[in-house]
Each structure stands twice: as structure tokens, then as C-alpha cells.
>>> print(open('query_3.txt').read())   # compact mmCIF, C-alpha atoms
# COMPACT_ATOMS: atom_id res chain seq x y z
CA MET Z 10 -36.32 54.59 -153.13
CA LEU Z 11 -35.10 56.15 -156.39
CA ASP Z 12 -37.08 57.96 -159.07
CA ARG Z 13 -36.89 56.96 -162.74
CA GLU Z 14 -33.83 59.13 -163.33
CA GLY Z 15 -31.87 57.66 -160.39
CA TYR Z 16 -32.41 60.42 -157.81
CA ARG Z 17 -33.34 59.76 -154.19
CA PRO Z 18 -36.13 62.05 -152.86
CA ASN Z 19 -34.81 64.13 -150.00
CA VAL Z 20 -35.50 67.26 -147.95
CA GLY Z 21 -33.12 70.06 -147.04
CA ILE Z 22 -33.64 72.41 -144.09
CA ILE Z 23 -32.52 76.01 -143.80
CA LEU Z 24 -33.13 76.86 -140.15
CA THR Z 25 -32.91 80.56 -139.27
CA ASN Z 26 -32.98 82.50 -136.04
CA GLN Z 27 -34.44 85.97 -135.36
CA ARG Z 28 -31.25 87.62 -136.72
CA HIS Z 29 -31.63 85.80 -140.09
CA GLU Z 30 -28.60 83.65 -139.33
CA VAL Z 31 -28.64 80.04 -140.49
CA PHE Z 32 -27.95 76.84 -138.58
CA TRP Z 33 -24.87 74.87 -139.67
CA GLY Z 34 -24.16 71.40 -138.32
CA LYS Z 35 -20.70 69.82 -138.35
CA ARG Z 36 -20.80 66.23 -139.57
CA ILE Z 37 -19.69 63.77 -136.90
CA ARG Z 38 -15.94 63.06 -137.07
CA GLU Z 39 -15.55 65.23 -140.20
CA HIS Z 40 -14.54 68.79 -140.92
CA SER Z 41 -17.52 69.54 -143.17
CA TRP Z 42 -20.49 71.71 -142.29
CA GLN Z 43 -23.96 71.40 -143.76
CA PHE Z 44 -27.64 72.08 -143.30
CA PRO Z 45 -29.85 69.29 -141.94
CA GLN Z 46 -31.16 67.04 -144.69
CA GLY Z 47 -32.41 63.53 -145.21
CA GLY Z 48 -34.37 61.08 -147.28
CA ILE Z 49 -38.12 60.94 -147.73
CA LYS Z 50 -39.48 57.54 -146.70
CA LYS Z 51 -42.11 55.73 -148.74
CA GLY Z 52 -45.57 57.17 -147.95
CA GLU Z 53 -44.11 60.28 -146.29
CA THR Z 54 -44.79 63.81 -147.55
CA PRO Z 55 -41.85 66.21 -147.87
CA GLU Z 56 -43.18 68.17 -144.87
CA GLU Z 57 -43.45 65.01 -142.73
CA ALA Z 58 -39.90 64.03 -143.73
CA MET Z 59 -38.66 67.52 -142.90
CA PHE Z 60 -40.10 67.39 -139.38
CA ARG Z 61 -38.71 63.87 -138.83
CA GLU Z 62 -35.25 64.89 -140.03
CA LEU Z 63 -35.36 68.10 -138.00
CA TYR Z 64 -35.94 66.06 -134.85
CA GLU Z 65 -33.43 63.31 -135.73
CA GLU Z 66 -30.61 65.71 -136.57
CA VAL Z 67 -31.29 68.82 -134.49
CA GLY Z 68 -33.70 67.66 -131.76
CA LEU Z 69 -36.35 70.26 -132.65
CA ARG Z 70 -40.07 69.52 -132.77
CA PRO Z 71 -42.79 71.28 -134.82
CA GLU Z 72 -43.63 73.58 -131.90
CA HIS Z 73 -40.03 74.92 -131.94
CA VAL Z 74 -40.19 76.22 -135.53
CA ARG Z 75 -42.39 78.00 -138.05
CA ILE Z 76 -42.31 77.13 -141.76
CA LEU Z 77 -41.60 80.29 -143.77
CA GLY Z 78 -41.58 78.62 -147.17
CA ARG Z 79 -40.22 75.91 -149.42
CA THR Z 80 -38.71 75.61 -152.87
CA ARG Z 81 -41.18 75.43 -155.74
CA ASP Z 82 -39.55 72.41 -157.36
CA TRP Z 83 -37.01 69.70 -156.72
CA LEU Z 84 -33.37 70.81 -156.70
CA ARG Z 85 -30.98 68.05 -157.82
CA TYR Z 86 -27.32 67.28 -157.36
CA ASP Z 87 -25.24 64.41 -158.68
CA VAL Z 88 -23.04 62.43 -156.30
CA PRO Z 89 -19.55 61.64 -157.64
CA GLN Z 90 -19.24 57.95 -158.55
CA GLN Z 91 -16.49 57.33 -155.96
CA TRP Z 92 -19.03 58.25 -153.24
CA VAL Z 93 -21.75 55.91 -154.53
CA ARG Z 94 -22.07 52.48 -152.93
CA ARG Z 95 -20.91 49.76 -155.29
CA ALA Z 96 -24.34 48.08 -155.29
CA TRP Z 97 -26.02 51.33 -156.45
CA ARG Z 98 -23.57 52.21 -159.24
CA GLY Z 99 -25.31 52.47 -162.58
CA THR Z 100 -28.72 53.23 -161.04
CA TYR Z 101 -28.09 55.97 -158.43
CA LYS Z 102 -27.21 59.46 -159.67
CA GLY Z 103 -27.79 61.64 -156.62
CA GLN Z 104 -30.44 63.43 -154.63
CA LYS Z 105 -33.44 65.57 -155.49
CA GLN Z 106 -34.50 67.84 -152.68
CA ILE Z 107 -37.34 70.05 -151.57
CA TRP Z 108 -35.83 72.75 -149.35
CA PHE Z 109 -37.70 74.27 -146.41
CA LEU Z 110 -36.96 77.63 -144.81
CA LEU Z 111 -37.77 77.56 -141.08
CA ARG Z 112 -37.65 80.13 -138.30
CA LEU Z 113 -36.64 78.94 -134.83
CA ILE Z 114 -39.35 80.20 -132.49
CA GLY Z 115 -37.99 78.20 -129.58
CA ARG Z 116 -34.66 78.83 -127.86
CA ASP Z 117 -31.13 77.84 -128.80
CA SER Z 118 -31.23 75.55 -125.76
CA ASP Z 119 -33.99 73.51 -127.49
CA ILE Z 120 -31.41 72.32 -130.03
CA CYS Z 121 -30.17 68.85 -129.10
CA LEU Z 122 -27.75 67.03 -131.40
CA ARG Z 123 -28.14 63.84 -129.33
CA ALA Z 124 -31.93 63.48 -129.63
CA THR Z 125 -31.54 60.04 -131.25
CA SER Z 126 -29.11 57.15 -130.92
CA LYS Z 127 -27.49 57.95 -134.30
CA PRO Z 128 -26.50 61.63 -134.25
CA GLU Z 129 -25.43 63.25 -137.54
CA PHE Z 130 -23.69 66.32 -136.10
CA ASP Z 131 -21.22 66.81 -133.25
CA ALA Z 132 -21.23 70.64 -133.26
CA TRP Z 133 -23.38 73.49 -134.54
CA ARG Z 134 -23.25 77.25 -135.04
CA TRP Z 135 -25.24 80.19 -136.37
CA SER Z 136 -23.75 81.89 -139.45
CA ASP Z 137 -24.66 84.76 -141.70
CA TYR Z 138 -27.35 83.75 -144.26
CA TRP Z 139 -24.99 84.57 -147.13
CA VAL Z 140 -21.96 82.80 -145.67
CA PRO Z 141 -19.50 81.65 -148.36
CA LEU Z 142 -20.23 78.05 -149.28
CA GLU Z 143 -16.63 76.79 -149.35
CA SER Z 144 -17.29 74.72 -146.23
CA VAL Z 145 -20.00 72.74 -148.09
CA ILE Z 146 -18.82 69.71 -150.03
CA GLU Z 147 -18.28 70.82 -153.63
CA PHE Z 148 -20.95 68.73 -155.36
CA LYS Z 149 -23.70 70.20 -153.11
CA ARG Z 150 -22.74 73.89 -153.41
CA GLY Z 151 -24.95 74.65 -156.43
CA VAL Z 152 -28.05 73.27 -154.70
CA TYR Z 153 -27.28 75.25 -151.53
CA GLN Z 154 -26.88 78.43 -153.58
CA ARG Z 155 -30.13 77.83 -155.49
CA ALA Z 156 -32.10 77.06 -152.29
CA LEU Z 157 -30.74 80.07 -150.38
CA THR Z 158 -31.33 82.38 -153.35
CA GLU Z 159 -34.87 81.14 -154.06
CA LEU Z 160 -35.98 81.44 -150.43
CA ALA Z 161 -34.15 84.66 -149.48
CA HIS Z 162 -37.09 86.93 -150.42
CA LEU Z 163 -38.98 85.46 -147.46
CA LEU Z 164 -36.42 87.00 -145.07
CA PHE Z 165 -34.93 90.00 -146.86
CA ARG Z 166 -36.69 92.98 -148.37
CA VAL Z 167 -33.85 95.23 -149.52
CA PRO Z 168 -34.73 98.02 -151.99
CA GLY Z 169 -33.00 97.55 -155.32
CA GLN Z 170 -31.79 94.06 -154.46
CA PRO Z 171 -34.73 91.67 -154.02
CA SER Z 172 -32.85 88.97 -152.18
CA GLY Z 173 -30.39 91.07 -150.18
CA ARG Z 174 -27.59 88.80 -151.35
CA PRO Z 175 -24.06 90.18 -151.55
CA GLU Z 176 -22.48 91.11 -154.88
CA ALA Z 177 -20.43 87.89 -154.99
CA TRP Z 178 -23.67 85.89 -155.09
CA ASN Z 179 -25.08 87.74 -158.09
CA GLU Z 180 -23.65 85.24 -160.54
CA PRO Z 181 -26.23 82.68 -161.59
CA PRO Z 182 -25.90 79.37 -159.74
CA ALA Z 183 -24.54 76.40 -161.63
CA ALA Z 184 -27.15 74.77 -163.85
CA GLU Z 185 -28.75 71.54 -162.81
CA PRO Z 186 -27.51 68.49 -164.70
CA ALA Z 187 -29.77 67.45 -167.54
CA THR Z 188 -31.77 64.28 -167.02
CA GLU Z 189 -33.17 61.96 -169.62
CA GLU Z 190 -36.68 60.59 -169.55
CA ARG Z 191 -36.74 56.81 -169.59
>>> encode(input="query_3.txt", output="C-alpha cells")
Amino acid sequence: MLDREGYRPNVGIILTNQRHEVFWGKRIREHSWQFPQGGIKKGETPEEAMFRELYEEVGLRPEHVRILGRTRDWLRYDVPQQWVRRAWRGTYKGQKQIWFLLRLIGRDSDICLRATSKPEFDAWRWSDYWVPLESVIEFKRGVYQRALTELAHLLFRVPGQPSGRPEAWNEPPAAEPATEER
């Protein structure tokens, strides 16, 4: 399901613990780390998709988490053409995502990467909220930075620095690609 501009609706999940660390999952058989994310099915709300993806990828149910907030608007990223399936070339540009910030209110032992028959991750870890994003695939880094920056005020209340982000993060995130109306 693509929108008029060629973007697939999707959700991203920033899962935090009590120490404001974030959950990172290691993609199966790869050396890349990412936050849980996934497509929104037809008829599904972003929140419903988020809870489905959270269970499918991390094994957590609604009773294990509390929603702290979500991004105001869609955040988009383009997928490089070499990563796009041949059948979708010319129509598919990338993903548009609503990002949710969640707090784990359950235990670490509630996390189960094998909750479904098609696991996405084979390892996980907690990392500092402002971890450098070099481990994220390059074309997604801008969206990660925008989501973390927009939602940080829900976790951090540092005088003189509203988001609590480190100095290296004070540069504005890369601009979203322009889209044409059709």
C-alpha cells in the first residue's frame, strides 16, 4: 500500500527503559542495528500497527509498555534504488513513518525475539538515548535523528537545553526530500 507520492505507511518504535536507554535490535544475519519498525496494514491505525509490530519483533504486549508520545507528522526517508524490488521501481520511493516513544513497564525478561515464526532480530541491547547513529543504515539516519530529537522532551528536562541532547546533535537534521503532488 503506497501513498500518492510512492511512500509506504509505516511505524517506528523507540522503546525506552527506566534509565532512558533505548532498545536496539540487531537484524537477523546482518551487522546492522535498528529500532523496531514495520508497515501499517490496510484498515489499521498507526497505534494498532505499532502494537502489532512491537509483538512481532520484540514479543511485548500492550500491558508491557506505556505510550509516552508520538511524532506530530509523518517522517519520510527515500530508499536507494538498488534496494527497491524491481517490480516496485518507478512507483516506490521509500517509507513514511509515525514514530512512537514507549516506556517498558514490564521486565527485560518479557522481551522475546522469537515471539513469531519470522523473527526480525537475533540480538538486542539497551543503549544511551543519544547513541551515535553510525550503526543505522545511512539512508535512515536522518529520520532516526528527527524522531529522537522531536520526542526527547518527553524524557529529558535539562535546564538550558530542552532536549538534553549532546552538543554533536545540535546540528539540524538533514531535510526531508521534497515530494511533488500528483
>>> atom_distance(input="query_3.txt", atom1="CA of Thr25 in chain Z", atom2="CA of Tyr138 in chain Z")
8.1 Å
>>> residues_around(input="query_3.txt", residues="Ala58 in chain Z", least_positions_apart="2", cutoff="12 Å", atoms="all atoms listed in the file", output="VMD selection string")
chain Z and resid 18 to 22 45 to 56 60 to 66 71 106 to 109
>>> atom_distance(input="query_3.txt", atom1="CA of Leu122 in chain Z", atom2="CA of Pro89 in chain Z")
28.0 Å
>>> residues_around(input="query_3.txt", residues="Phe130 in chain Z", least_positions_apart="5", cutoff="10 Å", atoms="only C-alpha atoms", output="list in words")
Trp33, Gly34, Lys35, Arg36, Ile37, Arg38, Glu39, Ser41, Trp42, Gln43, Pro45, Glu66, Val67, Cys121, Leu122 and Arg123 of chain Z
>>> atom_distance(input="query_3.txt", atom1="CA of Leu163 in chain Z", atom2="CA of Val74 in chain Z")
15.1 Å
>>> closest_residue(input="query_3.txt", among="Z:Phe165, Z:Arg70, Z:Arg155, Z:Arg112", to="Asp82 in chain Z", atoms="only C-alpha atoms")
Z:Arg155
>>> residues_near_point(input="query_3.txt", point="(-40.2, 77.5, -130.9)", cutoff="6 Å", atoms="only C-alpha atoms", output="JSON list (two decimals) with C-alpha atoms, keeping the file's coordinate frame")
[["chain", "number", "residue", "atom", "x", "y", "z"],
["Z", 72, "GLU", "CA", -43.63, 73.58, -131.90],
["Z", 73, "HIS", "CA", -40.03, 74.92, -131.94],
["Z", 74, "VAL", "CA", -40.19, 76.22, -135.53],
["Z", 113, "LEU", "CA", -36.64, 78.94, -134.83],
["Z", 114, "ILE", "CA", -39.35, 80.20, -132.49],
["Z", 115, "GLY", "CA", -37.99, 78.20, -129.58]]
>>> build_atoms(input="query_3.txt", residues="range 105-117 of chain Z", atoms="N, CA and C atoms", output="short mmCIF file (atom, residue, chain, number, x, y, z; two decimals), in the frame of the given file")
data_model
loop_
_atom_site.label_atom_id
_atom_site.label_comp_id
_atom_site.auth_asym_id
_atom_site.auth_seq_id
_atom_site.Cartn_x
_atom_site.Cartn_y
_atom_site.Cartn_z
N LYS Z 105 -32.56 64.46 -155.12
CA LYS Z 105 -33.44 65.57 -155.49
C LYS Z 105 -34.10 66.01 -154.20
N GLN Z 106 -34.09 67.33 -153.98
CA GLN Z 106 -34.50 67.84 -152.68
C GLN Z 106 -35.55 68.94 -152.80
N ILE Z 107 -36.48 68.91 -151.87
CA ILE Z 107 -37.34 70.05 -151.57
C ILE Z 107 -36.71 70.71 -150.35
N TRP Z 108 -36.45 72.01 -150.45
CA TRP Z 108 -35.83 72.75 -149.35
C TRP Z 108 -36.89 73.57 -148.61
N PHE Z 109 -36.81 73.51 -147.29
CA PHE Z 109 -37.70 74.27 -146.41
C PHE Z 109 -36.91 75.36 -145.70
N LEU Z 110 -37.52 76.54 -145.59
CA LEU Z 110 -36.96 77.63 -144.81
C LEU Z 110 -37.78 77.71 -143.52
N LEU Z 111 -37.11 77.56 -142.39
CA LEU Z 111 -37.77 77.56 -141.08
C LEU Z 111 -37.23 78.68 -140.22
N ARG Z 112 -38.06 79.15 -139.31
CA ARG Z 112 -37.65 80.13 -138.30
C ARG Z 112 -37.72 79.42 -136.94
N LEU Z 113 -36.63 79.47 -136.20
CA LEU Z 113 -36.64 78.94 -134.83
C LEU Z 113 -37.47 79.90 -133.98
N ILE Z 114 -38.55 79.38 -133.41
CA ILE Z 114 -39.35 80.20 -132.49
C ILE Z 114 -39.13 79.75 -131.05
N GLY Z 115 -38.40 78.65 -130.91
CA GLY Z 115 -37.99 78.20 -129.58
C GLY Z 115 -36.69 78.92 -129.20
N ARG Z 116 -35.93 78.27 -128.34
CA ARG Z 116 -34.66 78.83 -127.86
C ARG Z 116 -33.50 78.00 -128.40
N ASP Z 117 -32.33 78.60 -128.41
CA ASP Z 117 -31.13 77.84 -128.80
C ASP Z 117 -30.98 76.59 -127.94
#
